[in-house]
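Notes follow the structure.
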Amino acid sequence: MKLLVNAPINSLSFGNVSVNILRELFKKNIDLIFFPIGDKVDFEAYDRIDHEFLKYIQDAANNRFHKIDKDIPSLKLWHIYGSETRYAKNQALFTFHEVSQLTEIERKLLNLQDNVFVTSNYTKKDRKSTRLNS
């Protein structure tokens, strides 16, 4: 299976979640196409990063334009604002609810996604015509 992932790798919370998702994809031998979010890929905050895992990420990023295809499923891990860009037809967003309720603009941005994954039932309750999965 091929999967396009658009996510940050850094020492912040989104970066930490991204690294762990990418590790699981590596373990499952998923054919990864990786579009990093941010100015640089930063593994400095992570102890004991496996050399084969680093090579997997590097190859997935270096070869992304050779392997990209509009029909490959895509996972974006990012904030609601900034999630509107996409690389493929079928994009899922994995995001975290950062305030007490969604704004109308956030609902519109979420509705651009084919699927939205959230981490809590609290967030899922605030869906009001938004496709949220937890």
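To be explicit about the labels: the chains of the structure tokens are called A, B, and onward in the order shown, and within each one the residues are counted from 1, while ligands get numbers from 1 in the order they are shown.
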| request: Report as a list in words: the residues of chain A with a DSSP assignment of strand (DSSP E or B), based on the backbone of this structure. | output: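 These are the residues in question: Lys2, Leu3, Leu4, Val5, Asn6, Ala7, Pro8, Asp31, Leu32, Ile33, Phe34, Phe35, Pro36, Ile37, Ser74, Leu75, Lys76, Leu77, Gln91, Ala92, Leu93, Phe94, Asn115, Val116, Phe117, Leu132 and Asn133 of chain A.
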| query | Near segment 89-97 of chain A, counting only C-alpha atoms, which residues have an atom at most 6 Å away, once you skip same-chain residues fewer than 3 positions from it, shown as a PyMOL selection string? | reply | chain A and resi 70+73-79+113-118
Print the selection's residues with all heavy atoms to a file, as a CSV table (one decimal), in the first residue's frame.
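See part-v3.csv below for the written result:
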chain,number,residue,atom,x,y,z
A,70,LYS,N,-2.3,11.5,-7.9
A,70,LYS,CA,-3.5,12.0,-7.3
A,70,LYS,C,-4.4,11.0,-6.7
A,70,LYS,O,-5.3,11.3,-5.9
A,70,LYS,CB,-4.3,12.8,-8.4
A,70,LYS,CG,-4.9,12.0,-9.5
A,70,LYS,CD,-5.6,12.8,-10.5
A,70,LYS,CE,-6.2,11.9,-11.5
A,70,LYS,NZ,-7.0,12.5,-12.5
A,73,PRO,N,-4.0,7.7,-1.4
A,73,PRO,CA,-4.5,8.3,-0.2
A,73,PRO,C,-3.5,9.1,0.5
A,73,PRO,O,-2.3,8.8,0.5
A,73,PRO,CB,-5.0,7.1,0.6
A,73,PRO,CG,-4.4,5.9,0.0
A,73,PRO,CD,-4.0,6.2,-1.3
A,74,SER,N,-4.0,10.2,1.1
A,74,SER,CA,-3.2,11.2,1.7
A,74,SER,C,-3.6,11.4,3.2
A,74,SER,O,-4.8,11.5,3.5
A,74,SER,CB,-3.2,12.5,0.9
A,74,SER,OG,-2.6,13.5,1.6
A,75,LEU,N,-2.6,11.5,4.1
A,75,LEU,CA,-2.9,11.9,5.5
A,75,LEU,C,-2.1,13.2,5.8
A,75,LEU,O,-0.9,13.2,5.6
A,75,LEU,CB,-2.4,10.8,6.4
A,75,LEU,CG,-2.5,11.1,7.9
A,75,LEU,CD1,-3.9,11.3,8.4
A,75,LEU,CD2,-1.8,10.0,8.7
A,76,LYS,N,-2.8,14.2,6.2
A,76,LYS,CA,-2.2,15.4,6.7
A,76,LYS,C,-2.3,15.5,8.2
A,76,LYS,O,-3.4,15.3,8.7
A,76,LYS,CB,-2.8,16.6,6.0
A,76,LYS,CG,-2.2,17.9,6.4
A,76,LYS,CD,-3.0,19.1,5.7
A,76,LYS,CE,-2.0,20.1,5.3
A,76,LYS,NZ,-1.5,20.1,4.0
A,77,LEU,N,-1.2,15.8,8.9
A,77,LEU,CA,-1.2,16.0,10.3
A,77,LEU,C,-0.9,17.5,10.5
A,77,LEU,O,0.3,17.8,10.3
A,77,LEU,CB,-0.2,15.1,11.0
A,77,LEU,CG,-0.1,15.3,12.5
A,77,LEU,CD1,-1.4,15.0,13.2
A,77,LEU,CD2,1.1,14.5,13.1
A,78,TRP,N,-1.9,18.3,10.8
A,78,TRP,CA,-1.6,19.7,11.0
A,78,TRP,C,-2.8,20.4,11.6
A,78,TRP,O,-3.8,19.8,11.9
A,78,TRP,CB,-1.4,20.3,9.6
A,78,TRP,CG,-0.7,21.6,9.6
A,78,TRP,CD1,-1.1,22.8,9.1
A,78,TRP,CD2,0.5,22.0,10.3
A,78,TRP,NE1,-0.2,23.8,9.3
A,78,TRP,CE2,0.8,23.3,10.1
A,78,TRP,CE3,1.5,21.2,11.0
A,78,TRP,CZ2,1.9,24.0,10.6
A,78,TRP,CZ3,2.6,21.9,11.5
A,78,TRP,CH2,2.8,23.2,11.3
A,79,HIS,N,-2.6,21.7,11.9
A,79,HIS,CA,-3.7,22.5,12.4
A,79,HIS,C,-4.8,22.7,11.4
A,79,HIS,O,-4.6,22.5,10.2
A,79,HIS,CB,-3.1,23.9,12.7
A,79,HIS,CG,-1.9,23.9,13.6
A,79,HIS,ND1,-2.0,23.9,15.0
A,79,HIS,CD2,-0.6,23.9,13.3
A,79,HIS,CE1,-0.8,23.9,15.5
A,79,HIS,NE2,0.1,23.9,14.5
A,113,GLN,N,-11.9,18.4,3.7
A,113,GLN,CA,-11.2,17.1,3.9
A,113,GLN,C,-12.2,16.0,3.6
A,113,GLN,O,-13.4,16.1,3.8
A,113,GLN,CB,-10.7,17.0,5.3
A,113,GLN,CG,-9.8,18.1,5.8
A,113,GLN,CD,-8.6,18.2,4.9
A,113,GLN,OE1,-8.0,17.3,4.5
A,113,GLN,NE2,-8.2,19.5,4.7
A,114,ASP,N,-11.7,14.9,3.1
A,114,ASP,CA,-12.5,13.7,2.9
A,114,ASP,C,-12.8,13.0,4.2
A,114,ASP,O,-13.9,12.5,4.4
A,114,ASP,CB,-11.8,12.7,2.0
A,114,ASP,CG,-11.6,13.3,0.6
A,114,ASP,OD1,-12.6,13.5,-0.1
A,114,ASP,OD2,-10.5,13.6,0.2
A,115,ASN,N,-11.9,13.1,5.2
A,115,ASN,CA,-12.1,12.6,6.5
A,115,ASN,C,-11.3,13.4,7.5
A,115,ASN,O,-10.2,14.0,7.1
A,115,ASN,CB,-11.6,11.1,6.7
A,115,ASN,CG,-12.5,10.1,6.0
A,115,ASN,OD1,-13.6,9.9,6.5
A,115,ASN,ND2,-12.1,9.6,4.9
A,116,VAL,N,-11.8,13.5,8.7
A,116,VAL,CA,-11.1,14.3,9.7
A,116,VAL,C,-11.0,13.4,10.9
A,116,VAL,O,-12.0,12.9,11.4
A,116,VAL,CB,-11.8,15.6,10.1
A,116,VAL,CG1,-11.0,16.3,11.2
A,116,VAL,CG2,-11.9,16.5,8.9
A,117,PHE,N,-9.8,13.2,11.5
A,117,PHE,CA,-9.6,12.4,12.7
A,117,PHE,C,-9.2,13.3,13.8
A,117,PHE,O,-8.3,14.2,13.6
A,117,PHE,CB,-8.5,11.3,12.4
A,117,PHE,CG,-8.8,10.3,11.4
A,117,PHE,CD1,-8.4,10.5,10.1
A,117,PHE,CD2,-9.6,9.2,11.7
A,117,PHE,CE1,-8.7,9.6,9.1
A,117,PHE,CE2,-10.0,8.3,10.7
A,117,PHE,CZ,-9.5,8.5,9.4
A,118,VAL,N,-9.8,13.1,14.9
A,118,VAL,CA,-9.6,13.8,16.1
A,118,VAL,C,-9.3,12.9,17.3
A,118,VAL,O,-9.5,11.7,17.2
A,118,VAL,CB,-10.7,14.8,16.5
A,118,VAL,CG1,-10.9,15.8,15.4
A,118,VAL,CG2,-12.0,14.0,16.7
| Given the choices A:Ser100, A:Arg86, A:Arg107, A:Ala45, which gets closest to Asp71 of chain A if the distance is worked out from only C-alpha atoms? |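 So, comparing all the options, the nearest one is A:Arg86.
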| Residues at most 9 Å from segment 25-31 of chain A, counting only C-alpha atoms, excluding those fewer than 5 positions away in the same chain, as a PyMOL selection string? | chain A and resi 1-4+20+53+56-57+60
| said: Between atom CA of Ile49 of chain A and atom CA of Pro8 of chain A, what distance in Å does the model show, to one decimal? | reply: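 Atom-to-atom, atom CA of Ile49 of chain A and atom CA of Pro8 of chain A are spaced 16.1 Å apart.
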Show which residues sit within 9 Å of Ser18 of chain A, as a PDB file with C-alpha atoms, in the first residue's frame. Count only C-alpha atoms, and ignore same-chain residues fewer than 4 positions away.
ATOM      1  CA  ALA A   7       3.364  16.325   8.399  1.00  0.00           C
ATOM      2  CA  PRO A   8       6.033  18.125  10.423  1.00  0.00           C
ATOM      3  CA  ILE A   9       9.058  16.512  12.021  1.00  0.00           C
ATOM      4  CA  ASN A  10      10.284  18.661  14.883  1.00  0.00           C
ATOM      5  CA  SER A  13       3.717  18.224  19.753  1.00  0.00           C
ATOM      6  CA  PHE A  14       2.641  17.823  16.118  1.00  0.00           C
ATOM      7  CA  LEU A  22       5.809   7.521  10.586  1.00  0.00           C
ATOM      8  CA  ARG A  23       7.485   4.885  12.793  1.00  0.00           C
ATOM      9  CA  LEU A  77      -1.232  15.994  10.302  1.00  0.00           C
TER      10      LEU A  77
END
| said: Taking the DSSP secondary structure from the backbone, can you list the residues of chain A that are helix (DSSP H, G or I), as a VMD selection string? | reply: chain A and resid 13 to 27 51 to 62 64 to 67 104 to 110 121 to 125
| task | Would you list the contacts of Tyr46 of chain A as a list in words, taking every protein, DNA or RNA residue within 10 Å and counting only C-alpha atoms, but skipping same-chain residues closer than 6 positions in sequence? | result | Asn10, Ser11, Asn16 and Val19 of chain A
| task | Within 12 Å of Phe65 of chain A, counting only C-alpha atoms, which residues show up once you throw out same-chain ones fewer than 2 positions away? Write them as number ranges by chain, please. | result | A: 4, 32-35, 59-63, 67-70, 87
| query | In terms of the shortest atom-to-atom distance over only C-alpha atoms, which of A:Glu104, A:Ser120, A:Val99, A:Leu109 is closest to Glu84 of chain A? | reply | A:Leu109
| So how many Å separate atom CA of Ile21 of chain A and atom CA of Asn111 of chain A, to one decimal? |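 Rounded to one decimal, the two atoms are 23.4 Å apart.
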